[in-house]
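Student: Next comes entry-v2.txt, compact mmCIF, C-alpha atoms and all ligand atoms:
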# COMPACT_ATOMS: atom_id res chain seq x y z
CA MET F 5 -6.86 -37.49 -46.10
CA LYS F 6 -6.66 -41.04 -47.38
CA ARG F 7 -7.72 -44.04 -45.38
CA VAL F 8 -6.31 -47.56 -45.22
CA ASP F 9 -9.18 -48.82 -47.37
CA ASP F 10 -7.82 -46.77 -50.28
CA PHE F 11 -4.89 -49.20 -50.44
CA ARG F 12 -4.63 -52.91 -51.15
CA LEU F 13 -1.99 -55.48 -50.30
CA ARG F 14 -1.27 -57.62 -53.36
CA PHE F 15 0.00 -61.17 -53.49
CA GLY F 16 0.08 -62.08 -57.19
CA LYS F 17 -3.40 -61.42 -58.57
CA ASN F 18 -5.09 -61.39 -55.17
CA GLU F 19 -5.82 -58.27 -53.19
CA TYR F 20 -6.34 -57.89 -49.44
CA VAL F 21 -7.17 -55.14 -47.01
CA PRO F 22 -3.60 -54.17 -46.04
CA ILE F 23 -4.03 -54.97 -42.34
CA MET F 24 -2.33 -57.94 -40.71
CA VAL F 25 -3.12 -58.79 -37.14
CA GLY F 26 0.23 -59.92 -35.72
CA GLY F 27 0.91 -63.24 -34.05
CA MET F 28 0.72 -63.13 -30.27
CA GLY F 29 1.85 -66.23 -28.42
CA VAL F 30 0.79 -68.17 -26.40
CA ASP F 31 -2.70 -68.20 -27.91
CA ILE F 32 -3.21 -64.48 -27.28
CA SER F 33 -3.90 -64.13 -31.00
CA THR F 34 -6.48 -66.89 -30.98
CA SER F 35 -7.99 -68.59 -33.98
CA GLU F 36 -11.12 -66.51 -33.37
CA LEU F 37 -9.14 -63.29 -33.66
CA ALA F 38 -7.26 -64.39 -36.77
CA LEU F 39 -10.48 -65.65 -38.35
CA GLU F 40 -12.11 -62.25 -37.90
CA ALA F 41 -9.22 -60.52 -39.69
CA ALA F 42 -9.53 -63.01 -42.55
CA ARG F 43 -13.31 -62.68 -42.71
CA LEU F 44 -12.94 -58.93 -43.05
CA GLY F 45 -10.55 -59.31 -45.98
CA GLY F 46 -7.26 -58.84 -44.16
CA ILE F 47 -4.71 -61.27 -42.75
CA GLY F 48 -4.86 -62.82 -39.30
CA HIS F 49 -2.08 -64.65 -37.50
CA ILE F 50 -2.31 -67.49 -35.09
CA SER F 51 0.87 -68.53 -33.29
CA ASP F 52 2.34 -71.98 -32.86
CA ALA F 53 4.07 -71.11 -29.58
CA MET F 54 3.58 -73.96 -27.08
CA VAL F 55 1.27 -75.63 -29.56
CA GLU F 56 0.99 -78.87 -27.56
CA ASP F 57 -0.47 -76.95 -24.66
CA VAL F 58 -2.77 -75.02 -26.98
CA SER F 59 -3.96 -78.31 -28.46
CA ASP F 60 -4.64 -79.74 -24.98
CA ARG F 61 -6.82 -76.77 -24.13
CA LYS F 62 -8.67 -76.68 -27.41
CA PHE F 63 -8.98 -80.34 -28.34
CA ASP F 64 -8.73 -82.13 -25.03
CA THR F 65 -5.51 -83.90 -25.98
CA SER F 66 -3.02 -84.76 -23.24
CA PHE F 67 0.34 -83.89 -24.74
CA VAL F 68 1.57 -81.89 -21.75
CA LYS F 69 0.37 -84.37 -19.15
CA ASP F 70 1.97 -87.26 -21.00
CA LYS F 71 5.28 -85.40 -21.43
CA THR F 72 5.32 -84.46 -17.75
CA LYS F 73 4.73 -88.07 -16.79
CA LEU F 74 7.47 -89.31 -19.09
CA TYR F 75 10.09 -86.93 -17.70
CA LYS F 76 8.90 -86.69 -14.11
CA PHE F 77 12.10 -88.42 -12.93
CA ASN F 78 14.10 -85.40 -14.15
CA ILE F 79 12.19 -82.59 -12.44
CA ASN F 80 14.84 -81.94 -9.80
CA ASN F 81 17.72 -82.35 -12.21
CA SER F 82 19.23 -79.12 -13.53
CA ASP F 83 20.41 -80.88 -16.70
CA LYS F 84 17.40 -80.88 -19.01
CA SER F 85 19.06 -82.37 -22.09
CA VAL F 86 17.05 -85.59 -21.74
CA VAL F 87 13.72 -83.71 -22.09
CA GLN F 88 12.96 -84.10 -25.79
CA PHE F 89 9.87 -83.37 -27.84
CA ASP F 90 8.32 -86.34 -29.61
CA LEU F 91 8.18 -85.07 -33.19
CA GLU F 92 5.12 -87.13 -34.13
CA ARG F 93 3.17 -85.63 -31.26
CA LEU F 94 4.42 -82.14 -32.05
CA ALA F 95 3.26 -82.52 -35.64
CA ASP F 96 -0.10 -83.85 -34.46
CA ALA F 97 -0.66 -80.83 -32.19
CA GLN F 98 0.37 -78.43 -34.95
CA ARG F 99 -1.97 -80.05 -37.48
CA ARG F 100 -4.87 -79.95 -35.05
CA HIS F 101 -4.41 -76.28 -34.16
CA ILE F 102 -3.89 -75.12 -37.71
CA GLY F 103 -6.26 -77.55 -39.38
CA ALA F 104 -9.19 -76.54 -37.16
CA THR F 105 -8.49 -72.86 -37.78
CA MET F 106 -8.30 -73.29 -41.54
CA ALA F 107 -11.50 -75.36 -41.57
CA ALA F 108 -13.35 -72.47 -39.89
CA LYS F 109 -12.08 -69.81 -42.30
CA LYS F 110 -14.64 -67.61 -44.03
CA GLY F 111 -14.20 -64.63 -46.31
CA ASP F 112 -11.49 -63.51 -48.68
CA GLY F 113 -8.61 -62.93 -46.29
CA LEU F 114 -5.78 -65.19 -45.21
CA ILE F 115 -4.62 -66.99 -42.09
CA PHE F 116 -0.89 -67.11 -41.36
CA VAL F 117 0.96 -68.75 -38.49
CA ASN F 118 3.71 -66.98 -36.57
CA CYS F 119 6.63 -69.36 -35.96
CA MET F 120 9.19 -68.06 -33.49
CA GLU F 121 12.53 -69.61 -34.22
CA LYS F 122 13.72 -68.87 -30.70
CA LEU F 123 11.51 -71.72 -29.57
CA THR F 124 14.48 -74.04 -29.91
CA MET F 125 12.77 -76.88 -28.03
CA ASN F 126 15.94 -78.86 -27.17
CA GLY F 127 16.38 -79.66 -30.85
CA PRO F 128 16.19 -76.49 -32.94
CA ARG F 129 16.37 -77.85 -36.45
CA GLU F 130 14.19 -80.91 -36.17
CA THR F 131 11.45 -79.32 -34.08
CA LEU F 132 11.28 -76.32 -36.41
CA ARG F 133 11.28 -78.58 -39.45
CA THR F 134 8.38 -80.49 -37.89
CA ARG F 135 6.42 -77.35 -37.05
CA LEU F 136 6.86 -75.81 -40.50
CA ASN F 137 6.01 -78.92 -42.47
CA ALA F 138 3.02 -79.77 -40.27
CA ALA F 139 1.73 -76.22 -40.76
CA LEU F 140 1.94 -76.68 -44.53
CA ASP F 141 0.27 -80.11 -44.25
CA ALA F 142 -2.61 -78.52 -42.34
CA GLY F 143 -3.26 -76.05 -45.16
CA ILE F 144 -2.00 -72.82 -43.60
CA ASP F 145 -2.11 -69.89 -46.05
CA GLY F 146 1.24 -68.53 -44.92
CA ILE F 147 4.06 -68.77 -42.39
CA THR F 148 5.75 -65.80 -40.74
CA LEU F 149 9.19 -66.64 -39.37
CA SER F 150 9.98 -64.49 -36.38
CA ALA F 151 12.13 -64.04 -33.27
CA GLY F 152 15.50 -65.51 -33.94
CA LEU F 153 15.81 -65.94 -37.70
CA HIS F 154 18.49 -68.56 -38.02
CA PHE F 155 18.47 -68.03 -41.76
CA GLY F 156 18.20 -71.68 -42.82
CA SER F 157 14.48 -72.11 -42.19
CA PHE F 158 13.20 -72.00 -45.76
CA ALA F 159 15.43 -74.97 -46.56
CA LEU F 160 13.74 -76.99 -43.81
CA MET F 161 10.49 -77.07 -45.81
CA ALA F 162 11.91 -76.93 -49.33
CA ASP F 163 10.77 -80.48 -50.10
CA HIS F 164 7.18 -79.86 -49.08
CA PRO F 165 4.72 -79.84 -52.01
CA ARG F 166 3.28 -76.53 -50.77
CA PHE F 167 6.69 -74.82 -50.38
CA ARG F 168 6.13 -72.55 -53.38
CA GLU F 169 2.39 -72.18 -52.97
CA ALA F 170 2.07 -71.02 -49.35
CA LYS F 171 3.08 -67.44 -48.57
CA LEU F 172 6.32 -67.33 -46.62
CA GLY F 173 7.44 -64.22 -44.81
CA ILE F 174 10.07 -63.05 -42.37
CA ILE F 175 10.21 -60.42 -39.66
CA VAL F 176 13.31 -58.24 -39.65
CA SER F 177 14.28 -55.06 -37.84
CA SER F 178 17.10 -53.90 -40.10
CA VAL F 179 18.37 -53.96 -43.68
CA ARG F 180 21.32 -55.99 -42.47
CA ALA F 181 19.14 -58.85 -41.20
CA LEU F 182 17.32 -58.94 -44.54
CA GLN F 183 20.58 -58.97 -46.48
CA ILE F 184 21.87 -61.93 -44.50
CA PHE F 185 18.60 -63.79 -44.93
CA LEU F 186 18.59 -63.28 -48.69
CA ARG F 187 22.21 -64.30 -49.01
CA LYS F 188 21.70 -67.50 -47.00
CA ASN F 189 18.63 -68.46 -49.00
CA ALA F 190 19.92 -67.53 -52.46
CA LYS F 191 20.43 -71.10 -53.62
CA LEU F 192 16.81 -72.06 -52.90
CA ASP F 193 15.51 -69.74 -55.63
CA ARG F 194 12.63 -68.86 -53.32
CA LEU F 195 12.30 -65.27 -52.11
CA PRO F 196 10.04 -64.35 -49.18
CA ASP F 197 6.55 -63.37 -50.34
CA TYR F 198 6.49 -60.56 -47.79
CA ILE F 199 8.78 -58.91 -45.30
CA ILE F 200 7.55 -57.51 -42.02
CA VAL F 201 9.69 -54.70 -40.65
CA GLU F 202 9.13 -54.52 -36.93
CA GLY F 203 10.22 -51.39 -35.11
CA PRO F 204 11.09 -50.87 -31.45
CA LEU F 205 7.57 -50.02 -30.20
CA ALA F 206 6.12 -53.49 -30.81
CA GLY F 207 4.92 -55.95 -28.19
CA GLY F 208 6.63 -59.24 -27.45
CA HIS F 209 10.37 -59.61 -28.05
CA LEU F 210 12.22 -56.78 -29.73
CA GLY F 211 14.76 -57.17 -32.50
CA PHE F 212 16.87 -54.43 -30.91
CA GLY F 213 19.15 -54.08 -27.92
CA MET F 214 18.37 -52.06 -24.82
CA ASP F 215 19.09 -49.00 -27.00
CA TRP F 216 15.78 -49.67 -28.77
CA ALA F 217 14.58 -46.09 -28.17
CA GLU F 218 17.17 -44.79 -30.60
CA TYR F 219 15.48 -46.52 -33.54
CA ASP F 220 12.51 -45.35 -35.54
CA LEU F 221 10.15 -47.55 -37.54
CA MET F 222 9.61 -45.04 -40.35
CA ALA F 223 13.35 -44.54 -40.82
CA ILE F 224 13.99 -48.31 -40.99
CA THR F 225 11.01 -48.76 -43.34
CA LEU F 226 12.39 -46.16 -45.73
CA GLU F 227 15.84 -47.79 -45.62
CA LEU F 228 14.34 -51.18 -46.43
CA LEU F 229 12.21 -49.75 -49.24
CA ALA F 230 15.29 -48.10 -50.75
CA TYR F 231 17.24 -51.35 -50.45
CA LEU F 232 14.49 -53.41 -52.11
CA LYS F 233 14.24 -50.89 -54.93
CA ALA F 234 18.01 -50.79 -55.47
CA GLU F 235 18.09 -54.60 -55.61
CA ASN F 236 15.07 -54.72 -57.93
CA LEU F 237 13.18 -56.87 -55.44
CA ASP F 238 9.41 -56.59 -55.70
CA ILE F 239 8.53 -57.93 -52.24
CA PRO F 240 5.69 -56.36 -50.22
CA LEU F 241 7.00 -54.67 -47.08
CA ILE F 242 4.70 -54.63 -44.05
CA ALA F 243 5.41 -52.11 -41.28
CA ALA F 244 4.79 -53.07 -37.64
CA GLY F 245 5.21 -51.65 -34.16
CA GLY F 246 3.37 -48.69 -32.69
CA ILE F 247 0.90 -48.14 -35.55
CA PHE F 248 -2.03 -47.17 -33.38
CA THR F 249 -4.52 -45.43 -35.69
CA GLY F 250 -5.71 -45.80 -39.26
CA SER F 251 -3.93 -42.55 -40.03
CA ASP F 252 -0.64 -43.90 -38.64
CA ALA F 253 -1.12 -46.81 -41.03
CA VAL F 254 -1.84 -44.48 -43.96
CA ARG F 255 1.46 -42.67 -43.36
CA PHE F 256 3.31 -45.97 -43.85
CA LEU F 257 1.22 -46.95 -46.87
CA GLU F 258 1.85 -43.56 -48.49
CA ALA F 259 5.57 -43.98 -47.82
CA GLY F 260 5.50 -47.20 -49.85
CA ALA F 261 4.74 -49.97 -47.37
CA ALA F 262 2.36 -52.58 -48.80
CA GLY F 263 0.58 -53.11 -45.50
CA VAL F 264 0.79 -52.78 -41.74
CA GLN F 265 0.92 -55.35 -38.97
CA VAL F 266 -0.84 -54.40 -35.75
CA ALA F 267 -1.48 -56.15 -32.46
CA THR F 268 -1.78 -54.00 -29.34
CA ARG F 269 -5.16 -52.53 -30.28
CA PHE F 270 -6.55 -56.07 -30.45
CA THR F 271 -5.43 -57.08 -26.95
CA ILE F 272 -8.65 -55.67 -25.50
CA THR F 273 -10.99 -57.36 -27.94
CA ASN F 274 -13.36 -60.14 -26.97
CA GLU F 275 -11.61 -62.48 -29.40
CA CYS F 276 -8.16 -61.98 -27.84
CA GLY F 277 -7.04 -64.94 -25.70
CA LEU F 278 -5.97 -62.97 -22.62
CA PRO F 279 -8.20 -63.53 -19.58
CA ALA F 280 -10.74 -60.73 -19.03
CA LYS F 281 -9.00 -59.42 -15.93
CA VAL F 282 -5.65 -59.21 -17.73
CA LYS F 283 -7.31 -57.23 -20.52
CA GLN F 284 -8.34 -54.73 -17.85
CA GLU F 285 -4.69 -54.50 -16.69
CA TYR F 286 -3.71 -53.61 -20.23
CA VAL F 287 -6.40 -51.00 -20.78
CA LYS F 288 -5.79 -49.35 -17.42
CA ALA F 289 -2.00 -49.14 -17.83
CA THR F 290 -0.29 -45.75 -17.85
CA GLU F 291 2.92 -44.95 -19.71
CA ASP F 292 4.92 -45.43 -16.49
CA ASP F 293 3.52 -48.93 -16.07
CA ILE F 294 5.28 -50.23 -19.20
CA ILE F 295 8.92 -51.32 -19.30
CA VAL F 296 11.38 -53.04 -21.58
CA ASN F 297 13.58 -55.48 -19.68
CA GLY F 298 15.92 -58.40 -20.15
CA ILE F 299 14.10 -61.10 -18.19
CA SER F 300 13.24 -63.22 -21.21
CA PRO F 301 15.60 -66.22 -21.35
CA THR F 302 15.78 -65.75 -25.13
CA GLY F 303 18.23 -62.89 -24.65
CA TYR F 304 15.98 -60.44 -26.52
CA PRO F 305 14.59 -57.42 -24.71
CA MET F 306 10.87 -57.75 -24.10
CA ARG F 307 8.23 -55.11 -23.37
CA MET F 308 5.73 -55.78 -20.60
CA LEU F 309 3.63 -54.30 -17.83
CA LYS F 310 5.67 -53.72 -14.67
CA SER F 311 2.94 -55.38 -12.62
CA THR F 312 3.23 -58.67 -14.51
CA PRO F 313 3.44 -61.66 -12.14
CA ALA F 314 6.32 -62.98 -14.28
CA ILE F 315 8.80 -60.51 -12.77
CA GLY F 316 10.56 -61.90 -9.71
CA ALA F 317 8.58 -65.14 -9.54
CA GLY F 318 11.07 -67.86 -8.61
CA ILE F 319 9.07 -70.86 -9.73
CA ARG F 320 10.69 -74.22 -10.44
CA PRO F 321 11.58 -74.49 -14.15
CA GLY F 322 8.73 -76.21 -15.98
CA CYS F 323 10.84 -77.84 -18.70
CA GLU F 324 9.59 -81.38 -18.18
CA SER F 325 6.10 -80.18 -19.10
CA TYR F 326 7.04 -77.42 -21.56
CA GLY F 327 10.72 -76.87 -22.40
CA TYR F 328 10.08 -74.70 -25.46
CA LEU F 329 13.09 -72.47 -24.79
CA LEU F 330 15.64 -75.21 -24.17
CA ASP F 331 18.53 -74.68 -26.55
CA ALA F 332 20.31 -77.36 -28.57
CA THR F 333 22.10 -78.57 -25.44
CA GLY F 334 19.09 -78.54 -23.12
CA ASN F 335 19.84 -75.23 -21.42
CA CYS F 336 17.69 -72.22 -20.63
CA ALA F 337 19.00 -69.05 -18.97
CA TYR F 338 16.21 -69.20 -16.40
CA ILE F 339 17.41 -72.57 -15.07
CA ASN F 340 20.81 -71.06 -14.24
CA SER F 341 19.25 -68.04 -12.52
CA TYR F 342 16.85 -70.21 -10.57
CA ASN F 343 19.58 -72.58 -9.41
CA ARG F 344 21.78 -69.66 -8.37
CA GLU F 345 19.02 -68.26 -6.15
CA VAL F 346 18.17 -71.65 -4.68
CA ALA F 347 21.85 -72.16 -3.79
CA ALA F 348 22.08 -68.68 -2.28
CA HIS F 349 18.92 -69.12 -0.16
CA PRO F 350 18.83 -72.80 0.82
CA ASN F 351 16.24 -72.39 3.55
CA GLU F 352 13.95 -70.04 1.68
CA LYS F 353 10.58 -71.37 0.56
CA ASN F 354 9.75 -68.49 -1.72
CA ILE F 355 12.57 -68.01 -4.17
CA VAL F 356 12.83 -64.64 -5.95
CA VAL F 357 14.51 -64.54 -9.36
CA MET F 358 14.80 -61.04 -10.78
CA ASP F 359 17.09 -61.32 -13.79
CA LYS F 360 15.24 -64.02 -15.77
CA THR F 361 11.77 -65.50 -15.88
CA CYS F 362 10.33 -68.94 -16.59
CA LEU F 363 8.77 -67.70 -19.80
CA CYS F 364 7.08 -70.95 -20.85
CA THR F 365 5.13 -71.35 -17.62
CA HIS F 366 4.27 -67.67 -17.34
CA MET F 367 3.17 -67.27 -20.95
CA ARG F 368 1.14 -70.46 -20.66
CA ASN F 369 -0.67 -69.09 -17.63
CA PHE F 370 -1.11 -65.59 -19.14
CA ASN F 371 1.12 -64.27 -16.36
CA CYS F 372 3.68 -62.57 -18.60
CA TRP F 373 1.89 -59.43 -19.66
CA THR F 374 3.87 -58.50 -22.72
CA CYS F 375 2.47 -55.50 -24.54
CA GLY F 376 3.18 -52.82 -27.13
CA HIS F 377 4.56 -49.40 -26.25
CA TYR F 378 1.22 -47.67 -26.85
CA THR F 379 -0.75 -49.93 -24.54
CA TYR F 380 -1.24 -46.85 -22.35
CA ARG F 381 -3.39 -45.36 -25.13
CA LEU F 382 -5.88 -48.24 -25.16
CA LYS F 383 -8.12 -46.39 -22.75
CA ASP F 384 -8.68 -43.79 -25.50
CA THR F 385 -10.21 -46.49 -27.70
CA THR F 386 -13.17 -47.49 -25.53
CA HIS F 387 -15.53 -46.43 -22.74
CA LYS F 388 -14.95 -46.57 -19.01
CA LYS F 389 -17.80 -48.22 -17.17
CA PRO F 390 -19.26 -46.94 -13.90
CA ASP F 391 -17.47 -49.71 -11.97
CA GLY F 392 -14.09 -48.48 -13.24
CA ASP F 393 -13.54 -51.31 -15.74
CA TYR F 394 -13.44 -50.66 -19.47
CA GLN F 395 -15.75 -52.00 -22.13
CA LEU F 396 -14.06 -54.60 -24.34
CA LEU F 397 -14.24 -54.23 -28.09
CA SER F 398 -15.01 -56.55 -30.96
CA ALA F 399 -12.14 -57.41 -33.29
CA GLU F 400 -14.38 -56.25 -36.13
CA HIS F 401 -14.72 -52.82 -34.55
CA VAL F 402 -10.94 -52.39 -34.18
CA PHE F 403 -10.22 -53.78 -37.64
CA LYS F 404 -12.74 -51.45 -39.28
CA ASP F 405 -11.45 -48.51 -37.29
CA TYR F 406 -8.00 -49.11 -38.79
CA GLN F 407 -9.55 -49.61 -42.22
CA PHE F 408 -11.83 -46.59 -42.43
CA SER F 409 -10.73 -43.91 -39.95
CA THR F 410 -9.18 -40.62 -41.02
CA ASP F 411 -7.54 -37.58 -39.39
CA ASP F 412 -6.00 -39.56 -36.51
CA GLN F 413 -9.47 -40.28 -35.17
CA ILE F 414 -10.29 -43.39 -33.19
CA ALA F 415 -13.92 -44.51 -33.38
CA LEU F 416 -15.39 -45.44 -30.00
CA PRO F 417 -17.70 -48.45 -29.86
CA GLU F 418 -21.39 -48.18 -29.14
CA LYS F 419 -21.85 -48.11 -25.37
CA GLU F 420 -22.92 -51.47 -23.96
CA PHE F 421 -23.91 -50.20 -20.52
C1 LIG D 501 0.65 -59.31 -26.36
C2 LIG D 501 1.57 -59.41 -27.53
C3 LIG D 501 2.20 -60.61 -27.80
C4 LIG D 501 3.04 -60.73 -28.91
N1 LIG D 501 3.61 -61.93 -29.20
C5 LIG D 501 4.35 -62.09 -30.31
C6 LIG D 501 4.83 -63.37 -30.69
O1 LIG D 501 4.57 -64.37 -30.02
N2 LIG D 501 5.61 -63.47 -31.82
C7 LIG D 501 5.88 -62.36 -32.59
O2 LIG D 501 6.58 -62.49 -33.61
N3 LIG D 501 5.40 -61.15 -32.28
C8 LIG D 501 4.65 -60.99 -31.17
N4 LIG D 501 4.11 -59.76 -30.88
C9 LIG D 501 4.34 -58.64 -31.82
C10 LIG D 501 3.14 -58.44 -32.76
O3 LIG D 501 2.90 -59.56 -33.57
C11 LIG D 501 3.24 -57.19 -33.65
O4 LIG D 501 4.21 -57.31 -34.67
C12 LIG D 501 3.52 -55.89 -32.92
O5 LIG D 501 3.13 -55.91 -31.59
C13 LIG D 501 2.83 -54.75 -33.66
O6 LIG D 501 2.92 -53.55 -32.95
P1 LIG D 501 1.67 -52.97 -32.11
O7 LIG D 501 1.43 -53.95 -31.02
O8 LIG D 501 2.18 -51.65 -31.61
O9 LIG D 501 0.50 -52.82 -33.03
C14 LIG D 501 3.27 -59.62 -29.76
C15 LIG D 501 2.63 -58.41 -29.46
C16 LIG D 501 1.79 -58.29 -28.37
C17 LIG D 501 1.11 -56.98 -28.11
Could you rewrite the structure in this file as structure tokens?

Tutor:
Amino acid sequence: MKRVDDFRLRFGKNEYVPIMVGGMGVDISTSELALEAARLGGIGHISDAMVEDVSDRKFDTSFVKDKTKLYKFNINNSDKSVVQFDLERLADAQRRHIGATMAAKKGDGLIFVNCMEKLTMNGPRETLRTRLNAALDAGIDGITLSAGLHFGSFALMADHPRFREAKLGIIVSSVRALQIFLRKNAKLDRLPDYIIVEGPLAGGHLGFGMDWAEYDLMAITLELLAYLKAENLDIPLIAAGGIFTGSDAVRFLEAGAAGVQVATRFTITNECGLPAKVKQEYVKATEDDIIVNGISPTGYPMRMLKSTPAIGAGIRPGCESYGYLLDATGNCAYINSYNREVAAHPNEKNIVVMDKTCLCTHMRNFNCWTCGHYTYRLKDTTHKKPDGDYQLLSAEHVFKDYQFSTDDQIALPEKEF
């Protein structure tokens, strides 16, 4: 049987190991993780979700503190429209995060940034324009547009000198989404350099409704490949979502995909940004511990561990500090749910909100344990220690397992205990 290493992902004349490590916000796919993928000849993603907070933690800036101070007067106000991002500061944070990552890059691979368009930030167009252009300024190799394609994003960076040099890609979950994207961008004369097709078993937000289980990644991949061929479009298609072994990946590469994007296997690596005790929650999870629910204020279904502290936690909306999900009019679905519960339980100190969650605050604190469908198989990829915890892996180990394994095997690491 073939192995992933028998294939190469081609961008122009350059060839890469056809493994992308997917973006995982907020700083779950750290620079360290992405840099390992690039060093090994593949493609790593960082994410720009809540980049001001990421910058504060990494570079000792004070973007969040300053924003909180500026808007403190509004904390008890349910109208958040006044809470705006300062675009200069946003660009500064983006350039720091991406610039430092690019400066540390070694090897022949690439570093991309995952930009979720659902982070509407109380000013969708201008904040996205700022993020995209600052990413290009900072020398990013490529930008993956995800979660909430509003179809006009390429135009927002069309005047940047690197617009045609950097790799630009999109994540779609259907032929229809791709068709709309291509139609809306036709006048720019700039096709995506790659298309990621993400199926229903992925982690994070899903591009499907609550009927996600009726869809199949291989079927959608084949539909997209047929569409690209019929339209004479030579754009690499990358399959993502539930590709757990090297052999799973080979099946997609043999079917005609140019590469695979994977994430869940890397959540229990040392380089992953999740706290060590959260990594243990992931590796210990059983199939019954994983659900897809509608608590994300974005409106997209999201997969997560049932035990995540984000479910039910009725914390005060943190928009004055964060506010990444505020829409163009300063609204977020969580604010409405929170206010409803406060009004219904005026004397209650501990408010419970079940239908929505304060995603910014919980993601920031690593308290929203979003995960891929096959998280329950992580325990098959490592050793259980005598104390009941599992040994964490190196990103290199997982990457190479995808690259070189055959026959649905998963290589266990050398025991460290
Ligand atoms: C913990 C976690 C967080 C994720 N966060 C994001 C994200 O912020 N943006 C995004 O586009 N995809 C996100 N994803 C999806 C991955 O980038 C990837 O496409 C998908 O999970 C691949 O499937 P796999 O996890 O089964 O390998 C996330 C996945 C996981 C597991």

Student: Quick one: residues within 9 Å of Arg100 (chain F), all atoms listed in the file, excluding same-chain residues fewer than 3 positions away - as a PyMOL selection string?

Tutor: chain F and resi 59+63+95-97+103-105+142

Student: Limited to C-alpha atoms, could you put the picked residues into a file as a short mmCIF file (atom, residue, chain, number, x, y, z; two decimals), keeping the file's coordinate frame?

Tutor:
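Result file follows (selection-v4.cif):
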data_model
loop_
_atom_site.label_atom_id
_atom_site.label_comp_id
_atom_site.auth_asym_id
_atom_site.auth_seq_id
_atom_site.Cartn_x
_atom_site.Cartn_y
_atom_site.Cartn_z
CA SER F 59 -3.96 -78.31 -28.46
CA PHE F 63 -8.98 -80.34 -28.34
CA ALA F 95 3.26 -82.52 -35.64
CA ASP F 96 -0.10 -83.85 -34.46
CA ALA F 97 -0.66 -80.83 -32.19
CA GLY F 103 -6.26 -77.55 -39.38
CA ALA F 104 -9.19 -76.54 -37.16
CA THR F 105 -8.49 -72.86 -37.78
CA ALA F 142 -2.61 -78.52 -42.34
#

Student: Could you report the residues within 7 Å of ligand LIG 501 (chain D), using all atoms listed in the file, as a VMD selection string?

Tutor: chain F and resid 26 to 30 32 51 53 118 120 150 to 151 202 205 to 209 244 to 248 265 to 269 271 373 to 378

Student: Pick the closest to Asp215 (chain F) from F:Gly143, F:Gly173, F:Pro165, F:Pro305: which is it, counting only C-alpha atoms?

Tutor: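 Ranking F:Gly143, F:Gly173, F:Pro165, F:Pro305 by distance to Asp215 (chain F), first place goes to F:Pro305.
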
Student: Name the residues, using the chain letters and numbers of the file, that sit within 10 Å of (-9.6, -45.0, -25.2) when counting only C-alpha atoms, and give them as a ChimeraX atom specification.

Tutor: /F:287-288,380-388,394-395,414-417

Student: Write out as a list in words each polymer residue whose atoms come within 8 Å of Thr225 (chain F), counting all atoms listed in the file; drop sequence neighbours fewer than 3 positions from it.

Tutor: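 Non-adjacent residues within range: Val201, Leu221, Met222, Leu228, Leu229, Ala243 and Ala261 of chain F.
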
Student: At what distance in Å, to one decimal, does CA of Glu227 (chain F) lie from CA of Gln183 (chain F)?

Tutor: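 Between these atoms lies a distance of 12.2 Å.
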
Student: Can you pull out every residue within 7 Å of Leu330 (chain F), counting all atoms listed in the file, but drop anything in the same chain fewer than 3 positions away, and send it as a ChimeraX atom specification?

Tutor: /F:124-126,327,334-336

Student: Could you please determine the separation between CA of Lys6 (chain F) and CA of Tyr20 (chain F) in Å, to one decimal place?

Tutor: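 Interatomic distance, CA of Lys6 (chain F) to CA of Tyr20 (chain F): 17.0 Å.
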
Student: Hey, what's within 8 Å of Leu132 (chain F) if we count only C-alpha atoms and toss same-chain stuff fewer than 5 positions away? As a list in words, please?

Tutor: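 Residues near the query, excluding close chain neighbours: Glu121, Thr124, Ser157 and Leu160 of chain F.
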